[in-house]
>>> print(open('structure_3.pdb').read())   # PDB, C-alpha atoms
MODEL        1
ATOM      1  CA  MET A  19      35.491 164.522  84.869
ATOM      2  CA  MET A  20      37.301 166.521  82.173
ATOM      3  CA  SER A  21      35.236 166.555  79.009
ATOM      4  CA  GLY A  22      36.522 164.753  75.920
ATOM      5  CA  ALA A  23      36.568 167.947  73.905
ATOM      6  CA  LEU A  24      38.645 169.801  76.525
ATOM      7  CA  CYS A  25      40.982 166.838  77.009
ATOM      8  CA  CYS A  26      41.802 166.484  73.336
ATOM      9  CA  GLY A  27      41.891 170.229  72.821
ATOM     10  CA  LEU A  28      44.670 170.558  75.416
ATOM     11  CA  SER A  29      47.013 168.202  73.639
ATOM     12  CA  ALA A  30      46.282 165.766  70.818
ATOM     13  CA  SER A  31      49.760 164.373  71.301
ATOM     14  CA  LEU A  32      48.749 162.950  74.673
ATOM     15  CA  GLY A  33      46.741 160.329  72.803
ATOM     16  CA  CYS A  34      43.707 160.845  75.015
ATOM     17  CA  VAL A  35      40.495 158.960  74.307
ATOM     18  CA  PRO A  36      37.464 161.273  74.294
ATOM     19  CA  PHE A  37      34.384 160.699  76.383
ATOM     20  CA  VAL A  38      30.912 161.990  75.545
ATOM     21  CA  ASP A  39      28.535 162.011  78.535
ATOM     22  CA  ASP A  40      30.934 159.666  80.323
ATOM     23  CA  VAL A  41      30.740 157.135  77.472
ATOM     24  CA  ARG A  42      34.039 156.159  75.856
ATOM     25  CA  VAL A  43      34.326 156.983  72.148
ATOM     26  CA  ASP A  44      36.666 154.727  70.208
ATOM     27  CA  ALA A  45      39.780 156.434  68.901
ATOM     28  CA  PRO A  46      40.523 156.327  65.162
ATOM     29  CA  ALA A  47      42.130 153.170  63.830
ATOM     30  CA  MET A  48      45.903 152.998  64.185
ATOM     31  CA  GLN A  49      47.697 152.709  60.892
ATOM     32  CA  GLY A  50      51.035 153.139  59.212
ATOM     33  CA  ALA A  51      53.415 151.711  56.637
ATOM     34  CA  PHE A  52      56.845 150.130  56.568
ATOM     35  CA  ASP A  53      59.449 149.299  53.957
ATOM     36  CA  ALA A  54      60.799 145.755  54.148
ATOM     37  CA  LEU A  55      63.796 144.215  52.403
ATOM     38  CA  THR A  56      64.767 140.574  52.016
ATOM     39  CA  TYR A  57      68.293 139.962  50.756
ATOM     40  CA  ASN A  58      70.506 136.910  50.383
ATOM     41  CA  VAL A  59      73.857 138.668  50.819
ATOM     42  CA  ALA A  60      76.047 135.748  49.650
ATOM     43  CA  GLY A  61      78.171 135.886  52.800
ATOM     44  CA  LEU A  62      80.103 132.665  52.377
ATOM     45  CA  PRO A  63      83.893 133.035  52.541
ATOM     46  CA  GLU A  64      85.551 134.652  49.547
ATOM     47  CA  GLY A  65      86.074 132.008  46.895
ATOM     48  CA  LEU A  66      83.116 129.914  48.031
ATOM     49  CA  SER A  67      80.515 132.650  47.690
ATOM     50  CA  GLY A  68      78.710 133.270  44.446
ATOM     51  CA  SER A  69      79.665 136.924  44.848
ATOM     52  CA  GLU A  70      82.640 138.962  46.091
ATOM     53  CA  PRO A  71      81.607 139.456  49.716
ATOM     54  CA  GLN A  72      84.907 140.821  50.990
ATOM     55  CA  ASP A  73      84.462 143.861  48.756
ATOM     56  CA  TYR A  74      80.712 143.978  48.405
ATOM     57  CA  ILE A  75      79.288 143.437  51.901
ATOM     58  CA  PRO A  76      80.813 146.710  53.198
ATOM     59  CA  LEU A  77      78.940 148.392  50.332
ATOM     60  CA  ILE A  78      75.679 146.663  51.239
ATOM     61  CA  SER A  79      75.793 147.784  54.885
ATOM     62  CA  PRO A  80      74.861 151.497  54.575
ATOM     63  CA  ARG A  81      72.279 150.760  51.891
ATOM     64  CA  LEU A  82      70.188 148.794  54.402
ATOM     65  CA  ASN A  83      69.350 151.936  56.372
ATOM     66  CA  ALA A  84      66.662 152.978  53.894
ATOM     67  CA  TYR A  85      64.442 150.147  55.138
ATOM     68  CA  ASP A  86      62.404 149.764  58.316
ATOM     69  CA  LEU A  87      62.782 145.988  58.352
ATOM     70  CA  VAL A  88      65.660 144.040  56.790
ATOM     71  CA  LEU A  89      65.820 140.246  56.619
ATOM     72  CA  VAL A  90      69.130 138.814  55.409
ATOM     73  CA  GLN A  91      70.168 135.292  54.495
ATOM     74  CA  GLU A  92      73.699 133.851  54.135
ATOM     75  CA  ASP A  93      75.051 136.267  56.737
ATOM     76  CA  PHE A  94      77.720 133.689  57.516
ATOM     77  CA  THR A  95      81.230 135.115  57.517
ATOM     78  CA  TYR A  96      81.214 138.908  57.149
ATOM     79  CA  GLN A  97      78.858 139.711  59.998
ATOM     80  CA  ARG A  98      80.941 142.573  61.387
ATOM     81  CA  GLU A  99      81.239 144.160  57.957
ATOM     82  CA  LEU A 100      77.507 143.874  57.313
ATOM     83  CA  ARG A 101      76.719 145.673  60.581
ATOM     84  CA  ALA A 102      79.416 148.333  60.325
ATOM     85  CA  ASP A 103      77.194 151.090  58.926
ATOM     86  CA  VAL A 104      73.752 149.845  59.903
ATOM     87  CA  ASP A 105      71.822 152.258  62.135
ATOM     88  CA  HIS A 106      68.765 150.170  63.035
ATOM     89  CA  ALA A 107      68.100 150.302  66.766
ATOM     90  CA  HIS A 108      67.083 146.637  66.918
ATOM     91  CA  GLN A 109      69.418 143.969  65.501
ATOM     92  CA  SER A 110      69.546 140.226  65.966
ATOM     93  CA  ALA A 111      72.802 138.685  67.118
ATOM     94  CA  PRO A 112      74.199 136.006  64.803
ATOM     95  CA  LEU A 113      73.644 132.417  65.845
ATOM     96  CA  GLU A 114      76.615 131.297  67.931
ATOM     97  CA  ASP A 115      75.701 127.750  68.947
ATOM     98  CA  TYR A 116      75.475 125.493  65.899
ATOM     99  CA  GLU A 117      76.500 121.990  64.934
ATOM    100  CA  ARG A 118      77.642 122.518  61.350
ATOM    101  CA  LEU A 119      80.378 124.351  59.502
ATOM    102  CA  VAL A 120      78.517 127.684  59.576
ATOM    103  CA  GLY A 121      75.428 129.040  61.317
ATOM    104  CA  ASP A 122      71.993 129.685  59.831
ATOM    105  CA  GLY A 123      72.942 133.004  58.191
ATOM    106  CA  LEU A 124      69.563 134.469  59.191
ATOM    107  CA  ASN A 125      69.565 137.930  60.739
ATOM    108  CA  ARG A 126      67.315 140.951  60.938
ATOM    109  CA  PHE A 127      67.642 144.701  61.406
ATOM    110  CA  SER A 128      64.591 146.671  62.439
ATOM    111  CA  HIS A 129      63.373 150.118  63.393
ATOM    112  CA  PHE A 130      60.557 148.277  65.205
ATOM    113  CA  ALA A 131      61.315 146.742  68.579
ATOM    114  CA  PHE A 132      61.588 142.991  68.979
ATOM    115  CA  ASP A 133      63.112 140.764  71.639
ATOM    116  CA  THR A 134      66.640 140.541  70.280
ATOM    117  CA  GLU A 135      67.686 138.064  72.968
ATOM    118  CA  ASN A 136      64.973 135.543  72.199
ATOM    119  CA  VAL A 137      64.637 135.242  68.444
ATOM    120  CA  VAL A 138      63.380 131.724  67.806
ATOM    121  CA  ARG A 139      65.663 129.801  65.446
ATOM    122  CA  GLU A 140      64.847 126.369  64.064
ATOM    123  CA  ARG A 141      67.105 124.208  61.898
ATOM    124  CA  TRP A 142      65.471 122.327  59.046
ATOM    125  CA  VAL A 143      64.636 118.731  59.917
ATOM    126  CA  GLU A 144      66.212 117.523  56.680
ATOM    127  CA  CYS A 145      68.990 118.628  54.346
ATOM    128  CA  TYR A 146      70.851 117.257  51.359
ATOM    129  CA  GLY A 147      74.292 118.197  50.093
ATOM    130  CA  GLY A 148      77.920 118.159  51.160
ATOM    131  CA  ILE A 149      81.131 119.856  50.108
ATOM    132  CA  ASP A 150      80.831 119.140  46.410
ATOM    133  CA  PHE A 151      77.242 118.009  45.829
ATOM    134  CA  GLY A 152      73.650 119.003  46.427
ATOM    135  CA  SER A 153      74.329 122.740  46.879
ATOM    136  CA  SER A 154      76.180 121.970  50.146
ATOM    137  CA  ASP A 155      73.075 122.586  52.278
ATOM    138  CA  CYS A 156      74.153 120.264  55.097
ATOM    139  CA  LEU A 157      77.238 122.381  55.772
ATOM    140  CA  ALA A 158      75.065 125.193  57.144
ATOM    141  CA  ASN A 159      72.597 125.334  60.035
ATOM    142  CA  LYS A 160      69.924 126.547  57.613
ATOM    143  CA  GLY A 161      66.334 126.932  58.708
ATOM    144  CA  PHE A 162      64.021 129.731  59.827
ATOM    145  CA  SER A 163      63.829 132.375  62.531
ATOM    146  CA  VAL A 164      60.788 134.035  64.115
ATOM    147  CA  ALA A 165      60.319 137.196  66.158
ATOM    148  CA  THR A 166      57.398 139.443  67.063
ATOM    149  CA  HIS A 167      57.894 143.115  66.145
ATOM    150  CA  THR A 168      55.955 145.995  67.694
ATOM    151  CA  LEU A 169      54.919 148.354  64.911
ATOM    152  CA  ASN A 170      53.975 151.435  66.901
ATOM    153  CA  GLY A 171      55.905 151.597  70.129
ATOM    154  CA  THR A 172      53.985 151.264  73.369
ATOM    155  CA  ALA A 173      50.578 150.931  71.701
ATOM    156  CA  GLY A 174      51.303 147.240  71.184
ATOM    157  CA  VAL A 175      50.487 146.536  67.548
ATOM    158  CA  GLU A 176      52.400 143.290  67.009
ATOM    159  CA  LEU A 177      53.477 141.564  63.810
ATOM    160  CA  VAL A 178      55.107 138.132  63.596
ATOM    161  CA  VAL A 179      57.998 138.195  61.122
ATOM    162  CA  VAL A 180      59.606 135.037  59.753
ATOM    163  CA  ASN A 181      62.988 134.940  58.012
ATOM    164  CA  PHE A 182      63.880 131.731  56.188
ATOM    165  CA  HIS A 183      66.294 130.151  53.739
ATOM    166  CA  ALA A 184      64.910 127.015  52.140
ATOM    167  CA  GLU A 185      66.883 124.021  50.900
ATOM    168  CA  ALA A 186      68.660 124.807  47.636
ATOM    169  CA  GLY A 187      69.092 122.596  44.575
ATOM    170  CA  GLY A 188      66.688 120.956  42.178
ATOM    171  CA  GLY A 189      67.350 117.243  42.463
ATOM    172  CA  PRO A 190      64.891 114.765  43.972
ATOM    173  CA  GLU A 191      66.726 114.733  47.313
ATOM    174  CA  ASP A 192      66.796 118.544  47.428
ATOM    175  CA  ASN A 193      63.093 118.741  46.623
ATOM    176  CA  ALA A 194      62.221 116.229  49.330
ATOM    177  CA  ALA A 195      64.311 118.048  51.952
ATOM    178  CA  ARG A 196      62.817 121.416  50.997
ATOM    179  CA  GLU A 197      59.266 120.099  51.273
ATOM    180  CA  ALA A 198      60.029 118.534  54.662
ATOM    181  CA  GLY A 199      61.381 121.865  55.878
ATOM    182  CA  LEU A 200      58.338 123.772  54.700
ATOM    183  CA  ASP A 201      56.109 121.209  56.441
ATOM    184  CA  GLN A 202      58.128 121.945  59.586
ATOM    185  CA  LEU A 203      57.622 125.694  59.137
ATOM    186  CA  VAL A 204      53.866 125.291  58.669
ATOM    187  CA  ALA A 205      53.602 123.089  61.765
ATOM    188  CA  PHE A 206      55.545 125.596  63.877
ATOM    189  CA  LEU A 207      53.436 128.564  62.787
ATOM    190  CA  ASP A 208      50.197 126.632  63.206
ATOM    191  CA  GLU A 209      51.215 125.726  66.752
ATOM    192  CA  HIS A 210      52.563 129.093  67.904
ATOM    193  CA  HIS A 211      51.010 131.773  65.678
ATOM    194  CA  ALA A 212      47.813 130.318  64.256
ATOM    195  CA  ASP A 213      45.814 133.535  64.637
ATOM    196  CA  ASP A 214      48.546 136.120  64.084
ATOM    197  CA  ALA A 215      49.258 138.379  61.158
ATOM    198  CA  LEU A 216      52.434 137.197  59.432
ATOM    199  CA  VAL A 217      55.139 138.466  57.129
ATOM    200  CA  LEU A 218      57.479 135.799  55.769
ATOM    201  CA  GLY A 219      60.549 136.958  53.884
ATOM    202  CA  GLY A 220      63.449 135.028  52.520
ATOM    203  CA  ASP A 221      65.061 132.843  49.922
ATOM    204  CA  THR A 222      62.397 130.263  49.117
ATOM    205  CA  ASN A 223      64.422 128.460  46.435
ATOM    206  CA  LEU A 224      61.067 127.981  44.720
ATOM    207  CA  HIS A 225      60.840 129.054  41.094
ATOM    208  CA  GLY A 226      57.430 130.389  40.251
ATOM    209  CA  PHE A 227      55.361 128.422  37.734
ATOM    210  CA  ASP A 228      57.943 125.630  37.603
ATOM    211  CA  ASP A 229      56.285 122.212  37.280
ATOM    212  CA  VAL A 230      57.904 120.973  40.499
ATOM    213  CA  ASP A 231      58.224 124.172  42.536
ATOM    214  CA  GLU A 232      54.898 125.885  41.865
ATOM    215  CA  PRO A 233      52.755 123.206  43.581
ATOM    216  CA  VAL A 234      55.028 123.411  46.638
ATOM    217  CA  LEU A 235      54.698 127.198  46.754
ATOM    218  CA  GLN A 236      50.930 126.986  46.353
ATOM    219  CA  ASP A 237      50.716 124.393  49.123
ATOM    220  CA  LEU A 238      52.730 126.574  51.488
ATOM    221  CA  MET A 239      50.536 129.602  50.804
ATOM    222  CA  GLN A 240      47.267 127.703  51.065
ATOM    223  CA  ARG A 241      48.125 125.966  54.322
ATOM    224  CA  LEU A 242      49.113 129.230  56.015
ATOM    225  CA  ASP A 243      46.570 131.422  54.178
ATOM    226  CA  LEU A 244      49.378 133.511  52.671
ATOM    227  CA  ASP A 245      49.633 135.654  49.562
ATOM    228  CA  ASP A 246      52.725 136.553  47.552
ATOM    229  CA  ALA A 247      53.389 140.314  47.463
ATOM    230  CA  CYS A 248      54.936 140.171  44.010
ATOM    231  CA  ARG A 249      51.945 138.416  42.509
ATOM    232  CA  ALA A 250      49.423 140.525  44.389
ATOM    233  CA  LEU A 251      50.944 143.619  42.789
ATOM    234  CA  GLN A 252      51.336 141.925  39.396
ATOM    235  CA  CYS A 253      55.087 142.355  39.277
ATOM    236  CA  ASP A 254      56.843 141.468  36.043
ATOM    237  CA  ASP A 255      60.072 140.123  37.544
ATOM    238  CA  GLU A 256      59.347 137.245  39.914
ATOM    239  CA  HIS A 257      62.252 135.909  41.998
ATOM    240  CA  ILE A 258      62.840 133.013  44.371
ATOM    241  CA  ASP A 259      63.382 135.692  47.051
ATOM    242  CA  ARG A 260      59.892 136.544  48.243
ATOM    243  CA  PHE A 261      57.654 138.289  50.713
ATOM    244  CA  LEU A 262      54.568 136.318  51.701
ATOM    245  CA  TRP A 263      51.981 137.722  54.085
ATOM    246  CA  ARG A 264      48.599 137.383  55.733
ATOM    247  CA  SER A 265      46.390 139.654  57.817
ATOM    248  CA  SER A 266      44.568 138.770  61.010
ATOM    249  CA  SER A 267      41.387 139.861  62.762
ATOM    250  CA  VAL A 268      43.346 142.553  64.631
ATOM    251  CA  LEU A 269      45.882 143.673  62.013
ATOM    252  CA  THR A 270      45.337 144.289  58.313
ATOM    253  CA  LEU A 271      48.359 144.199  56.010
ATOM    254  CA  THR A 272      48.387 145.366  52.413
ATOM    255  CA  PRO A 273      51.425 145.419  50.108
ATOM    256  CA  VAL A 274      51.429 148.619  48.069
ATOM    257  CA  LEU A 275      54.851 148.463  46.416
ATOM    258  CA  TRP A 276      57.131 145.688  45.165
ATOM    259  CA  ARG A 277      60.434 146.168  43.383
ATOM    260  CA  VAL A 278      63.945 144.876  42.984
ATOM    261  CA  ALA A 279      66.139 147.154  45.113
ATOM    262  CA  ASP A 280      68.285 148.291  42.204
ATOM    263  CA  GLU A 281      70.573 150.394  44.392
ATOM    264  CA  MET A 282      72.353 147.188  45.479
ATOM    265  CA  VAL A 283      75.034 147.534  42.802
ATOM    266  CA  THR A 284      78.554 148.922  42.508
ATOM    267  CA  ASP A 285      79.311 152.197  40.771
ATOM    268  CA  ASP A 286      79.932 150.094  37.670
ATOM    269  CA  GLY A 287      76.557 148.400  37.924
ATOM    270  CA  GLU A 288      77.772 145.036  39.264
ATOM    271  CA  ASP A 289      75.332 143.278  41.596
ATOM    272  CA  LEU A 290      76.475 143.197  45.218
ATOM    273  CA  SER A 291      75.229 139.613  45.638
ATOM    274  CA  ASP A 292      74.269 136.677  43.455
ATOM    275  CA  HIS A 293      70.662 137.349  44.530
ATOM    276  CA  SER A 294      68.540 140.430  43.997
ATOM    277  CA  ALA A 295      67.338 142.338  47.041
ATOM    278  CA  ILE A 296      63.540 142.514  47.153
ATOM    279  CA  HIS A 297      61.797 145.590  48.556
ATOM    280  CA  THR A 298      58.135 145.546  49.552
ATOM    281  CA  ARG A 299      56.190 148.333  51.242
ATOM    282  CA  PHE A 300      53.329 147.235  53.461
ATOM    283  CA  GLN A 301      50.528 149.408  54.761
ATOM    284  CA  TRP A 302      49.047 148.287  58.062
ATOM    285  CA  SER A 303      45.976 149.219  60.056
ATOM    286  CA  VAL A 304      44.130 148.134  63.164
ATOM    287  CA  PRO A 305      40.382 147.883  62.625
ATOM    288  CA  THR A 306      38.162 149.848  64.990
ATOM    289  CA  ASN A 307      36.034 147.840  67.364
TER
ENDMDL
END
>>> encode(input="structure_3.pdb", output="structure tokens")
Amino acid sequence: MMSGALCCGLSASLGCVPFVDDVRVDAPAMQGAFDALTYNVAGLPEGLSGSEPQDYIPLISPRLNAYDLVLVQEDFTYQRELRADVDHAHQSAPLEDYERLVGDGLNRFSHFAFDTENVVRERWVECYGGIDFGSSDCLANKGFSVATHTLNGTAGVELVVVNFHAEAGGGPEDNAAREAGLDQLVAFLDEHHADDALVLGGDTNLHGFDDVDEPVLQDLMQRLDLDDACRALQCDDEHIDRFLWRSSSVLTLTPVLWRVADEMVTDDGEDLSDHSAIHTRFQWSVPTN
């Protein structure tokens, strides 16, 4: 048998695992980092959007390439324009089969492989709002999407990533629908990913420290054992657009940077959406056995 020292001396890039006296020696822990962005791009048709998507979404597109993982919400109408200058190798296809006026608006662009043909998409069980009331939530197929991303190629370090857009509005009916949807999300993740490391990104429509919203946010985090990246890093500019995360026994996640992606503006400093883009950098590692 070739000795471990000779094996690894020939080529460290082969990723060989050394042996000492025919006993396997564990390789160093795998680790890395990735930059993630969550962004509600306000992609409703011009005139209905809270932004100017016809002009602004083409400007957003190339700016997404700085990030390893991009989760977008309200990618409704300008899907071709949003993808025009994106260079991520792995991109979800927009939802095509939906029962409402527009789809779910949830898409993702990733440098990490995921099964682009089988992204799980779930519509919220409840909604409130029509054309001119309740934030119009029932006109869209809003909900959440889930996919498993492989962080380091063939080595198989997997991370479950959830993209979601919660019920909007602040009336009693909106609050009830939002809580029902979050119950649905918790039930799904408990059933399918109870032991997995998770990153959840999206538009929570939950205002931190609000008398109504804060208990809902706390309940969501406690039931799924999540933390908020902004709060963990003591950010000074909390938004309803958030990254929540948890580690698992086989994958440790640690947020090391949180910021508003302030490059998402025009040359004149106008925001490219009616939401801020939120950038979080996560470090990851696989514990040694």
>>> closest_residue(input="structure_3.pdb", among="A:His297, A:Arg126, A:Arg277, A:Arg264", to="Asp245 (chain A)", atoms="only C-alpha atoms")
A:Arg264
>>> residues_around(input="structure_3.pdb", residues="Ala107 (chain A)", least_positions_apart="2", cutoff="7 Å", atoms="all atoms listed in the file", output="list in words")
Asp105, Gln109, Ser128 and His129 of chain A
>>> write_last_selection(input="structure_3.pdb", atoms="C-alpha atoms", output="short mmCIF file (atom, residue, chain, number, x, y, z; two decimals), keeping the file's coordinate frame")
data_model
loop_
_atom_site.label_atom_id
_atom_site.label_comp_id
_atom_site.auth_asym_id
_atom_site.auth_seq_id
_atom_site.Cartn_x
_atom_site.Cartn_y
_atom_site.Cartn_z
CA ASP A 105 71.82 152.26 62.14
CA GLN A 109 69.42 143.97 65.50
CA SER A 128 64.59 146.67 62.44
CA HIS A 129 63.37 150.12 63.39
#
>>> closest_residue(input="structure_3.pdb", among="A:Ser266, A:Asn181, A:Gln97, A:Gln240", to="His211 (chain A)", atoms="only C-alpha atoms")
A:Ser266
>>> atom_distance(input="structure_3.pdb", atom1="CA of Cys145 (chain A)", atom2="CA of Asp246 (chain A)")
25.1 Å
>>> resolve_selection(input="structure_3.pdb", expression="the PyMOL selection byres ((chain A and resi 186-190) around 7)", output="PyMOL selection string")
chain A and resi 152-153+155+184-185+191-194+223
>>> resolve_selection(input="structure_3.pdb", expression="the PyMOL selection byres ((chain A and resi 222) around 9)", output="list in words")
Phe182, His183, Ala184, Glu185, Ala186, Gly219, Gly220, Asp221, Asn223, Leu224, His225, Leu235, Ile258, Asp259 and Arg260 of chain A
>>> write_last_selection(input="structure_3.pdb", atoms="C-alpha atoms", output="PDB file, keeping the file's coordinate frame")
ATOM      1  CA  PHE A 182      63.880 131.731  56.188  1.00  0.00           C
ATOM      2  CA  HIS A 183      66.294 130.151  53.739  1.00  0.00           C
ATOM      3  CA  ALA A 184      64.910 127.015  52.140  1.00  0.00           C
ATOM      4  CA  GLU A 185      66.883 124.021  50.900  1.00  0.00           C
ATOM      5  CA  ALA A 186      68.660 124.807  47.636  1.00  0.00           C
ATOM      6  CA  GLY A 219      60.549 136.958  53.884  1.00  0.00           C
ATOM      7  CA  GLY A 220      63.449 135.028  52.520  1.00  0.00           C
ATOM      8  CA  ASP A 221      65.061 132.843  49.922  1.00  0.00           C
ATOM      9  CA  ASN A 223      64.422 128.460  46.435  1.00  0.00           C
ATOM     10  CA  LEU A 224      61.067 127.981  44.720  1.00  0.00           C
ATOM     11  CA  HIS A 225      60.840 129.054  41.094  1.00  0.00           C
ATOM     12  CA  LEU A 235      54.698 127.198  46.754  1.00  0.00           C
ATOM     13  CA  ILE A 258      62.840 133.013  44.371  1.00  0.00           C
ATOM     14  CA  ASP A 259      63.382 135.692  47.051  1.00  0.00           C
ATOM     15  CA  ARG A 260      59.892 136.544  48.243  1.00  0.00           C
TER      16      ARG A 260
END
>>> closest_residue(input="structure_3.pdb", among="A:Phe300, A:Phe127, A:Tyr74, A:Phe162", to="Glu140 (chain A)", atoms="only C-alpha atoms")
A:Phe162
>>> closest_residue(input="structure_3.pdb", among="A:Glu197, A:Glu256, A:Glu114, A:Asp208", to="Val230 (chain A)", atoms="only C-alpha atoms")
A:Glu197
>>> closest_residue(input="structure_3.pdb", among="A:Thr56, A:Glu135, A:Phe94, A:His293", to="Val217 (chain A)", atoms="only C-alpha atoms")
A:Thr56
>>> atom_distance(input="structure_3.pdb", atom1="CA of Leu244 (chain A)", atom2="CA of Gly171 (chain A)")
26.0 Å
>>> resolve_selection(input="structure_3.pdb", expression="the PyMOL selection byres ((chain A and resi 62) around 10)", output="list in words")
Val59, Ala60, Gly61, Pro63, Glu64, Gly65, Leu66, Ser67, Gly68, Ser69, Glu70, Pro71, Gln72, Glu92, Asp93, Phe94, Thr95, Tyr96, Val120 and Gly123 of chain A
>>> atom_distance(input="structure_3.pdb", atom1="CA of Val143 (chain A)", atom2="CA of Asp231 (chain A)")
19.3 Å
>>> closest_residue(input="structure_3.pdb", among="A:Thr270, A:Asn83, A:Gln301, A:Ser294", to="Asn58 (chain A)", atoms="all atoms listed in the file")
A:Ser294
>>> residues_around(input="structure_3.pdb", residues="Glu99 (chain A)", least_positions_apart="3", cutoff="7 Å", atoms="all atoms listed in the file", output="JSON, numbers by chain")
{"A": [75, 76, 96, 102]}
>>> residues_near_point(input="structure_3.pdb", point="(59.5, 149.3, 55.1)", cutoff="8 Å", atoms="only C-alpha atoms", output="PDB file with C-alpha atoms, keeping the file's coordinate frame")
ATOM      1  CA  ALA A  51      53.415 151.711  56.637  1.00  0.00           C
ATOM      2  CA  PHE A  52      56.845 150.130  56.568  1.00  0.00           C
ATOM      3  CA  ASP A  53      59.449 149.299  53.957  1.00  0.00           C
ATOM      4  CA  ALA A  54      60.799 145.755  54.148  1.00  0.00           C
ATOM      5  CA  LEU A  55      63.796 144.215  52.403  1.00  0.00           C
ATOM      6  CA  TYR A  85      64.442 150.147  55.138  1.00  0.00           C
ATOM      7  CA  ASP A  86      62.404 149.764  58.316  1.00  0.00           C
ATOM      8  CA  LEU A  87      62.782 145.988  58.352  1.00  0.00           C
ATOM      9  CA  HIS A 297      61.797 145.590  48.556  1.00  0.00           C
ATOM     10  CA  THR A 298      58.135 145.546  49.552  1.00  0.00           C
ATOM     11  CA  ARG A 299      56.190 148.333  51.242  1.00  0.00           C
ATOM     12  CA  PHE A 300      53.329 147.235  53.461  1.00  0.00           C
TER      13      PHE A 300
END
>>> residues_near_point(input="structure_3.pdb", point="(58.8, 127.7, 56.3)", cutoff="8 Å", atoms="only C-alpha atoms", output="list in words")
Gly161, Phe162, Phe182, Ala184, Gly199, Leu200, Asp201, Gln202, Leu203, Val204 and Leu238 of chain A
>>> write_last_selection(input="structure_3.pdb", atoms="C-alpha atoms", output="CSV table (one decimal), keeping the file's coordinate frame")
chain,number,residue,atom,x,y,z
A,161,GLY,CA,66.3,126.9,58.7
A,162,PHE,CA,64.0,129.7,59.8
A,182,PHE,CA,63.9,131.7,56.2
A,184,ALA,CA,64.9,127.0,52.1
A,199,GLY,CA,61.4,121.9,55.9
A,200,LEU,CA,58.3,123.8,54.7
A,201,ASP,CA,56.1,121.2,56.4
A,202,GLN,CA,58.1,121.9,59.6
A,203,LEU,CA,57.6,125.7,59.1
A,204,VAL,CA,53.9,125.3,58.7
A,238,LEU,CA,52.7,126.6,51.5
>>> decode(input="structure_3.pdb", residues="region 230-240 of chain A", atoms="N, CA, C and O atoms", output="tab-separated table (two decimals), in the first residue's frame")
chain	number	residue	atom	x	y	z
A	230	VAL	N	-47.14	43.47	17.64
A	230	VAL	CA	-47.81	42.34	17.00
A	230	VAL	C	-46.82	41.42	16.31
A	230	VAL	O	-46.89	40.19	16.44
A	231	ASP	N	-45.85	42.00	15.59
A	231	ASP	CA	-44.97	41.20	14.74
A	231	ASP	C	-43.86	40.49	15.50
A	231	ASP	O	-43.47	39.37	15.14
A	232	GLU	N	-43.33	41.13	16.53
A	232	GLU	CA	-42.18	40.53	17.23
A	232	GLU	C	-42.51	39.16	17.83
A	232	GLU	O	-41.71	38.22	17.69
A	233	PRO	N	-43.66	38.97	18.48
A	233	PRO	CA	-43.97	37.63	19.00
A	233	PRO	C	-44.06	36.57	17.90
A	233	PRO	O	-43.69	35.42	18.11
A	234	VAL	N	-44.54	36.97	16.72
A	234	VAL	CA	-44.63	36.03	15.60
A	234	VAL	C	-43.24	35.64	15.12
A	234	VAL	O	-42.95	34.47	14.85
A	235	LEU	N	-42.36	36.64	15.02
A	235	LEU	CA	-40.97	36.36	14.61
A	235	LEU	C	-40.28	35.47	15.64
A	235	LEU	O	-39.60	34.50	15.27
A	236	GLN	N	-40.46	35.77	16.90
A	236	GLN	CA	-39.84	34.95	17.95
A	236	GLN	C	-40.36	33.52	17.91
A	236	GLN	O	-39.59	32.56	18.07
A	237	ASP	N	-41.66	33.37	17.67
A	237	ASP	CA	-42.24	32.03	17.60
A	237	ASP	C	-41.67	31.24	16.44
A	237	ASP	O	-41.33	30.05	16.59
A	238	LEU	N	-41.54	31.89	15.29
A	238	LEU	CA	-40.95	31.22	14.12
A	238	LEU	C	-39.53	30.76	14.43
A	238	LEU	O	-39.17	29.60	14.15
A	239	MET	N	-38.73	31.63	15.02
A	239	MET	CA	-37.33	31.28	15.29
A	239	MET	C	-37.22	30.19	16.34
A	239	MET	O	-36.42	29.27	16.21
A	240	GLN	N	-38.05	30.26	17.36
A	240	GLN	CA	-37.96	29.26	18.43
A	240	GLN	C	-38.39	27.88	17.95
A	240	GLN	O	-37.76	26.88	18.28
